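*Asks:* Handing over work21.pdb, PDB, C-alpha atoms.
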MODEL        1
ATOM      1  CA  MET A   3      16.552  23.967 -44.418
ATOM      2  CA  LYS A   4      14.680  26.367 -42.190
ATOM      3  CA  ALA A   5      14.579  25.504 -38.498
ATOM      4  CA  THR A   6      11.291  25.275 -36.604
ATOM      5  CA  GLN A   7      11.292  27.631 -33.624
ATOM      6  CA  LEU A   8      10.351  26.313 -30.185
ATOM      7  CA  ASN A   9      10.144  28.372 -27.017
ATOM      8  CA  ALA A  10      11.416  26.928 -23.750
ATOM      9  CA  THR A  11      12.541  27.962 -20.296
ATOM     10  CA  LYS A  12      15.794  27.000 -18.651
ATOM     11  CA  ARG A  13      15.569  24.698 -15.648
ATOM     12  CA  GLU A  14      17.691  25.359 -12.597
ATOM     13  CA  LYS A  15      17.083  22.072 -10.802
ATOM     14  CA  ALA A  16      17.546  18.523 -12.038
ATOM     15  CA  GLY A  17      16.223  15.345 -10.528
ATOM     16  CA  LYS A  18      13.025  13.432 -10.040
ATOM     17  CA  GLY A  19      11.232  15.997  -7.863
ATOM     18  CA  ALA A  20      11.960  18.939 -10.148
ATOM     19  CA  SER A  21      10.963  16.922 -13.225
ATOM     20  CA  ARG A  22       7.665  15.906 -11.647
ATOM     21  CA  ALA A  23       6.949  19.533 -10.748
ATOM     22  CA  ASN A  24       7.562  20.514 -14.385
ATOM     23  CA  ARG A  25       5.205  17.800 -15.633
ATOM     24  CA  ARG A  26       2.471  18.905 -13.203
ATOM     25  CA  ALA A  27       2.824  22.413 -14.683
ATOM     26  CA  GLY A  28       2.268  21.052 -18.234
ATOM     27  CA  LEU A  29       5.965  21.123 -19.141
ATOM     28  CA  VAL A  30       8.297  18.403 -20.385
ATOM     29  CA  PRO A  31      11.833  18.434 -18.973
ATOM     30  CA  ALA A  32      14.519  18.231 -21.654
ATOM     31  CA  VAL A  33      18.251  18.599 -22.137
ATOM     32  CA  ILE A  34      20.327  20.127 -24.925
ATOM     33  CA  TYR A  35      23.796  18.587 -25.284
ATOM     34  CA  GLY A  36      26.628  18.237 -27.787
ATOM     35  CA  ASP A  37      28.877  20.462 -29.900
ATOM     36  CA  LYS A  38      31.528  20.255 -27.118
ATOM     37  CA  LYS A  39      29.529  22.597 -24.889
ATOM     38  CA  ALA A  40      27.998  22.152 -21.444
ATOM     39  CA  PRO A  41      24.500  20.602 -21.357
ATOM     40  CA  VAL A  42      21.571  22.960 -20.872
ATOM     41  CA  MET A  43      18.473  21.823 -18.967
ATOM     42  CA  ILE A  44      15.218  23.210 -20.367
ATOM     43  CA  ALA A  45      11.464  22.651 -20.156
ATOM     44  CA  LEU A  46       9.083  22.728 -23.144
ATOM     45  CA  GLU A  47       5.300  23.012 -23.173
ATOM     46  CA  GLU A  48       3.904  19.495 -23.464
ATOM     47  CA  LYS A  49       1.250  20.432 -26.034
ATOM     48  CA  VAL A  50       3.883  22.030 -28.295
ATOM     49  CA  LEU A  51       6.144  18.963 -28.081
ATOM     50  CA  VAL A  52       3.220  16.600 -28.747
ATOM     51  CA  ALA A  53       2.256  18.670 -31.817
ATOM     52  CA  GLU A  54       5.825  18.303 -33.153
ATOM     53  CA  MET A  55       5.790  14.569 -32.408
ATOM     54  CA  ASN A  56       2.637  14.200 -34.516
ATOM     55  CA  LYS A  57       4.252  15.783 -37.588
ATOM     56  CA  LYS A  58       6.306  13.803 -40.083
ATOM     57  CA  GLY A  59      10.070  14.146 -39.943
ATOM     58  CA  LEU A  60      10.563  14.679 -36.198
ATOM     59  CA  TRP A  61      14.018  13.080 -36.216
ATOM     60  CA  THR A  62      15.299  14.988 -39.271
ATOM     61  CA  ARG A  63      13.665  18.380 -38.615
ATOM     62  CA  GLN A  64      15.950  21.103 -37.297
ATOM     63  CA  TYR A  65      14.787  23.219 -34.385
ATOM     64  CA  GLU A  66      15.788  26.604 -33.059
ATOM     65  CA  ILE A  67      15.049  26.432 -29.336
ATOM     66  CA  ILE A  68      14.826  29.843 -27.643
ATOM     67  CA  ALA A  69      15.326  29.480 -23.886
ATOM     68  CA  ASP A  70      15.427  32.631 -21.764
ATOM     69  CA  GLY A  71      16.761  34.706 -24.659
ATOM     70  CA  GLU A  72      19.445  32.191 -25.677
ATOM     71  CA  SER A  73      19.156  30.351 -28.999
ATOM     72  CA  PHE A  74      20.138  26.714 -29.622
ATOM     73  CA  HIS A  75      20.205  25.040 -33.059
ATOM     74  CA  VAL A  76      19.283  21.383 -32.451
ATOM     75  CA  LEU A  77      17.949  18.051 -33.703
ATOM     76  CA  CYS A  78      15.648  15.883 -31.593
ATOM     77  CA  GLN A  79      17.517  12.747 -30.519
ATOM     78  CA  ASP A  80      15.140  10.993 -28.132
ATOM     79  CA  ILE A  81      11.745  11.383 -26.510
ATOM     80  CA  GLN A  82      10.929   9.206 -23.547
ATOM     81  CA  LYS A  83       7.244   8.417 -23.123
ATOM     82  CA  HIS A  84       5.173   7.297 -20.156
ATOM     83  CA  PRO A  85       4.614   3.525 -20.529
ATOM     84  CA  VAL A  86       0.847   3.737 -19.966
ATOM     85  CA  SER A  87      -0.326   7.162 -21.151
ATOM     86  CA  ASP A  88       2.288   7.551 -23.957
ATOM     87  CA  ARG A  89       2.739  11.209 -22.924
ATOM     88  CA  PRO A  90       6.262  12.613 -23.338
ATOM     89  CA  ILE A  91       8.143  12.673 -20.034
ATOM     90  CA  HIS A  92      11.620  13.764 -21.205
ATOM     91  CA  ALA A  93      13.331  14.872 -24.423
ATOM     92  CA  ASP A  94      16.943  14.997 -25.583
ATOM     93  CA  PHE A  95      18.143  17.471 -28.191
ATOM     94  CA  LEU A  96      21.531  17.423 -29.944
ATOM     95  CA  ARG A  97      23.110  20.847 -30.448
ATOM     96  CA  ILE A  98      24.499  21.114 -33.979
ATOM     97  CA  SER A  99      26.801  23.528 -35.726
ATOM     98  CA  LYS A 100      26.564  24.512 -39.375
ATOM     99  CA  ASN A 101      29.662  22.511 -40.386
ATOM    100  CA  ALA A 102      28.912  19.361 -38.379
ATOM    101  CA  VAL A 103      28.730  16.072 -40.274
ATOM    102  CA  LEU A 104      25.688  14.217 -38.977
ATOM    103  CA  THR A 105      24.757  10.548 -39.244
ATOM    104  CA  LEU A 106      20.982  10.244 -39.515
ATOM    105  CA  ASP A 107      18.330   7.660 -40.350
ATOM    106  CA  ILE A 108      16.191   9.111 -43.136
ATOM    107  CA  PRO A 109      12.697   7.611 -43.622
ATOM    108  CA  VAL A 110      11.851   5.876 -46.893
ATOM    109  CA  SER A 111       8.404   6.129 -48.490
ATOM    110  CA  PHE A 112       6.997   4.630 -51.672
ATOM    111  CA  ALA A 113       5.103   6.332 -54.516
ATOM    112  CA  ASN A 114       2.772   4.729 -57.079
ATOM    113  CA  GLU A 115       2.369   1.546 -55.045
ATOM    114  CA  ALA A 116      -1.203   0.938 -56.235
ATOM    115  CA  SER A 117      -0.245   1.364 -59.907
ATOM    116  CA  ALA A 118       2.883  -0.845 -59.789
ATOM    117  CA  PRO A 119       2.494  -3.666 -62.347
ATOM    118  CA  GLY A 120       3.755  -6.276 -59.869
ATOM    119  CA  ILE A 121       1.238  -5.252 -57.236
ATOM    120  CA  LYS A 122      -1.601  -5.120 -59.785
ATOM    121  CA  LYS A 123      -0.783  -8.765 -60.614
ATOM    122  CA  GLY A 124      -1.253  -9.724 -56.957
ATOM    123  CA  GLY A 125       2.242  -9.047 -55.633
ATOM    124  CA  ILE A 126       2.949  -7.581 -52.215
ATOM    125  CA  LEU A 127       5.414  -4.849 -51.285
ATOM    126  CA  ASN A 128       7.801  -6.373 -48.729
ATOM    127  CA  ILE A 129       9.612  -3.519 -46.953
ATOM    128  CA  VAL A 130      12.995  -4.565 -45.563
ATOM    129  CA  HIS A 131      14.299  -1.149 -44.448
ATOM    130  CA  ARG A 132      12.018   1.749 -43.476
ATOM    131  CA  THR A 133      15.002   4.091 -43.025
ATOM    132  CA  VAL A 134      18.363   4.600 -44.698
ATOM    133  CA  GLU A 135      21.409   5.822 -42.756
ATOM    134  CA  VAL A 136      23.238   8.762 -44.350
ATOM    135  CA  LYS A 137      25.961  11.295 -43.567
ATOM    136  CA  CYS A 138      25.362  14.966 -44.311
ATOM    137  CA  THR A 139      25.679  18.503 -42.985
ATOM    138  CA  PRO A 140      22.695  20.274 -41.373
ATOM    139  CA  ASP A 141      22.065  22.239 -44.593
ATOM    140  CA  ASN A 142      21.636  19.028 -46.612
ATOM    141  CA  ILE A 143      19.366  16.891 -44.398
ATOM    142  CA  PRO A 144      16.733  15.256 -46.622
ATOM    143  CA  GLU A 145      13.249  15.004 -45.099
ATOM    144  CA  SER A 146      12.704  11.577 -46.656
ATOM    145  CA  PHE A 147      13.542   9.412 -49.667
ATOM    146  CA  VAL A 148      10.658   8.627 -52.021
ATOM    147  CA  ILE A 149      11.014   5.507 -54.159
ATOM    148  CA  ASP A 150       8.842   5.304 -57.271
ATOM    149  CA  LEU A 151       7.281   1.862 -57.817
ATOM    150  CA  ALA A 152       5.609   2.744 -61.157
ATOM    151  CA  THR A 153       7.553   0.047 -63.040
ATOM    152  CA  ALA A 154       8.120  -2.495 -60.231
ATOM    153  CA  GLU A 155       7.300  -6.100 -61.166
ATOM    154  CA  ILE A 156       6.983  -9.245 -59.044
ATOM    155  CA  GLY A 157      10.497 -10.363 -58.136
ATOM    156  CA  ASP A 158      12.009  -6.862 -58.359
ATOM    157  CA  SER A 159      14.248  -5.633 -55.576
ATOM    158  CA  ILE A 160      14.669  -1.972 -54.739
ATOM    159  CA  VAL A 161      18.247  -1.462 -53.557
ATOM    160  CA  ALA A 162      20.058   1.421 -51.880
ATOM    161  CA  SER A 163      21.821   2.473 -55.092
ATOM    162  CA  SER A 164      18.416   3.252 -56.645
ATOM    163  CA  ILE A 165      17.930   6.197 -54.266
ATOM    164  CA  GLN A 166      18.669   9.578 -55.795
ATOM    165  CA  LEU A 167      20.868  11.163 -53.112
ATOM    166  CA  PRO A 168      20.865  14.963 -52.960
ATOM    167  CA  LYS A 169      24.169  16.815 -53.238
ATOM    168  CA  GLY A 170      26.180  16.594 -50.000
ATOM    169  CA  VAL A 171      24.407  13.422 -48.814
ATOM    170  CA  GLU A 172      26.058  10.008 -48.841
ATOM    171  CA  LEU A 173      25.159   6.557 -47.572
ATOM    172  CA  THR A 174      27.111   5.369 -44.531
ATOM    173  CA  THR A 175      27.756   1.984 -46.147
ATOM    174  CA  THR A 176      29.032   0.889 -49.546
ATOM    175  CA  GLU A 177      26.863  -2.235 -49.413
ATOM    176  CA  ASP A 178      23.999  -2.106 -51.926
ATOM    177  CA  PHE A 179      21.411  -3.448 -49.480
ATOM    178  CA  THR A 180      17.784  -4.252 -50.299
ATOM    179  CA  ILE A 181      15.224  -1.679 -49.188
ATOM    180  CA  ALA A 182      12.125  -3.489 -50.479
ATOM    181  CA  THR A 183      10.998  -6.263 -52.809
ATOM    182  CA  ILE A 184       7.825  -7.104 -54.690
ATOM    183  CA  VAL A 185       6.937 -10.677 -53.769
ATOM    184  CA  THR A 186       4.147 -13.048 -54.704
ATOM    185  CA  SER A 187       1.344 -13.391 -52.224
ATOM    186  CA  ALA A 188       1.215 -16.563 -50.089
ATOM    187  CA  GLN A 189      -2.055 -17.550 -51.826
ATOM    188  CA  ASP A 190      -0.430 -17.843 -55.275
TER
ENDMDL
END
Spit out the file's structure as structure tokens when you get a sec.

*Replies:*
Amino acid sequence: MKATQLNATKREKAGKGASRANRRAGLVPAVIYGDKKAPVMIALEEKVLVAEMNKKGLWTRQYEIIADGESFHVLCQDIQKHPVSDRPIHADFLRISKNAVLTLDIPVSFANEASAPGIKKGGILNIVHRTVEVKCTPDNIPESFVIDLATAEIGDSIVASSIQLPKGVELTTTEDFTIATIVTSAQD
């Protein structure tokens, strides 16, 4: 998977005052940590970070952050938002190496929902899990899992074992848990 490049600047000062100064300048303070290396404080342009937040796959997309000539291969771990304005106020990035084994929540989406026989008969898709936790290396991170509902009838359960896992990706549990079901509507 190709990493999305983001430009940043290193921050010298930490703390509330320095962070507020960054935000006034249109920057979001952030930190890069992990891979048994010292944390690196950076600042990203707010508009760039917001654009990334509005794209699908933020939590599974790999980034190459370039800060003052130094490159960091990372995954976004957390974005703190202002409670009123919802603007990003801080971000955490996890530094990853090529051979690292990562545990990630991969989003689940559904295809052919409108044409599913069970839904055509008045059934409702009841989603139990919107993500599935997997283990994989950075080269094998799936963007999402798409479950085809083309043959789903009322009463059918879609379970974890029905997901076609790519090579090098495995579920973190052996339990065959329910991801979604097709249920009858309350009016029936």

*Asks:* Output the residue selection produced by the PyMOL selection byres ((chain A and resi 97-110) around 6) on the file above, formatted as a PDB file with C-alpha atoms, in the coordinates of the input.

*Replies:*
ATOM      1  CA  TYR A  35      23.796  18.587 -25.284  1.00  0.00           C
ATOM      2  CA  GLY A  36      26.628  18.237 -27.787  1.00  0.00           C
ATOM      3  CA  ASP A  37      28.877  20.462 -29.900  1.00  0.00           C
ATOM      4  CA  HIS A  75      20.205  25.040 -33.059  1.00  0.00           C
ATOM      5  CA  VAL A  76      19.283  21.383 -32.451  1.00  0.00           C
ATOM      6  CA  LEU A  96      21.531  17.423 -29.944  1.00  0.00           C
ATOM      7  CA  SER A 111       8.404   6.129 -48.490  1.00  0.00           C
ATOM      8  CA  ARG A 132      12.018   1.749 -43.476  1.00  0.00           C
ATOM      9  CA  THR A 133      15.002   4.091 -43.025  1.00  0.00           C
ATOM     10  CA  VAL A 134      18.363   4.600 -44.698  1.00  0.00           C
ATOM     11  CA  GLU A 135      21.409   5.822 -42.756  1.00  0.00           C
ATOM     12  CA  VAL A 136      23.238   8.762 -44.350  1.00  0.00           C
ATOM     13  CA  LYS A 137      25.961  11.295 -43.567  1.00  0.00           C
ATOM     14  CA  CYS A 138      25.362  14.966 -44.311  1.00  0.00           C
ATOM     15  CA  THR A 139      25.679  18.503 -42.985  1.00  0.00           C
ATOM     16  CA  SER A 146      12.704  11.577 -46.656  1.00  0.00           C
ATOM     17  CA  PHE A 147      13.542   9.412 -49.667  1.00  0.00           C
ATOM     18  CA  VAL A 148      10.658   8.627 -52.021  1.00  0.00           C
TER      19      VAL A 148
END

*Asks:* At a cut-off of 9 Å around the point (3.3, -12.9, -58.9) (file coordinates), what residues fall inside when counting only C-alpha atoms? I'd like the answer as a compact mmCIF listing (two decimals) with C-alpha atoms, in the coordinates of the input.

*Replies:*
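That gives us part03.txt:
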# COMPACT_ATOMS: atom_id res chain seq x y z
CA GLY A 120 3.76 -6.28 -59.87
CA ILE A 121 1.24 -5.25 -57.24
CA LYS A 123 -0.78 -8.76 -60.61
CA GLY A 124 -1.25 -9.72 -56.96
CA GLY A 125 2.24 -9.05 -55.63
CA ILE A 126 2.95 -7.58 -52.22
CA GLU A 155 7.30 -6.10 -61.17
CA ILE A 156 6.98 -9.24 -59.04
CA GLY A 157 10.50 -10.36 -58.14
CA ILE A 184 7.82 -7.10 -54.69
CA VAL A 185 6.94 -10.68 -53.77
CA THR A 186 4.15 -13.05 -54.70
CA SER A 187 1.34 -13.39 -52.22
CA ASP A 190 -0.43 -17.84 -55.28

*Asks:* Kindly extract all protein, DNA and RNA residues lying within 10 Å of the coordinates (23.2, 21.8, -17.4) given in the file, considering all atoms listed in the file, and supply them as a list in words.

*Replies:*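 All residues meeting the 10 Å criterion around (23.2, 21.8, -17.4) are Lys12, Arg13, Glu14, Lys15, Ala16, Val33, Ile34, Tyr35, Lys39, Ala40, Pro41, Val42, Met43 and Ile44 of chain A.
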
*Asks:* Expanded to explicit residues, what is the PyMOL selection byres ((chain A and resi 61-70) around 7) for this file, as a list in words?

*Replies:*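 Written out, the selection comes to Ala5, Thr6, Gln7, Leu8, Asn9, Ala10, Thr11, Lys12, Gly59, Leu60, Gly71, Glu72, Ser73, Phe74, His75, Val76, Leu77, Cys78, Gln79, Ile143 and Glu145 of chain A.
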
*Asks:* What does the distance from CA of Glu115 in chain A to CA of Phe179 in chain A come to in Å, to one decimal?

*Replies:*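 Computing the Euclidean distance for CA of Glu115 in chain A and CA of Phe179 in chain A yields 20.5 Å.
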
*Asks:* Between CA of Lys18 in chain A and CA of Glu48 in chain A, what is the distance, to one decimal in Å?

*Replies:*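 Computing the Euclidean distance for CA of Lys18 in chain A and CA of Glu48 in chain A yields 17.3 Å.
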
*Asks:* For this file, the PyMOL selection byres ((chain A and resi 46) around 6) selects which residues, as an MDAnalysis selection string?

*Replies:* chainID A and resid 10 29:30 45 47

*Asks:* Taking all atoms listed in the file into account, which of A:Ala27, A:Thr153, A:Pro144, A:Val86 comes nearest Pro119 in chain A?

*Replies:* A:Thr153

*Asks:* Mind pulling up the distance from CA of Ala118 in chain A to CA of His131 in chain A?

*Replies:*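 Value for the CA of His131 in chain A-CA of Ala118 in chain A distance: 19.1 Å.
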
*Asks:* With distances taken over all atoms listed in the file, which residue among A:Ile160, A:Met55, A:Ala32, A:Ile181 lies nearest Asp88 in chain A?

*Replies:*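 Ranking A:Ile160, A:Met55, A:Ala32, A:Ile181 by distance to Asp88 in chain A, first place goes to A:Met55.
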
*Asks:* The centre and edge lengths of an axis-aligned box containing all atoms of range 102-106 of chain A present in the file, extended by 5 Å on each side, are to be given in Å to one decimal, as AutoDock Vina command-line options.

*Replies:*
--center_x 24.9 --center_y 14.8 --center_z -39.3 --size_x 17.9 --size_y 19.1 --size_z 11.9

*Asks:* Considering all atoms listed in the file, return as a VMD selection string whatever protein or nucleic-acid residues lie within 12 Å of Gly28 in chain A, sequence-local ones (same chain, fewer than 4 positions apart) excluded.

*Replies:* chain A and resid 21 to 24 45 to 52 89 to 91
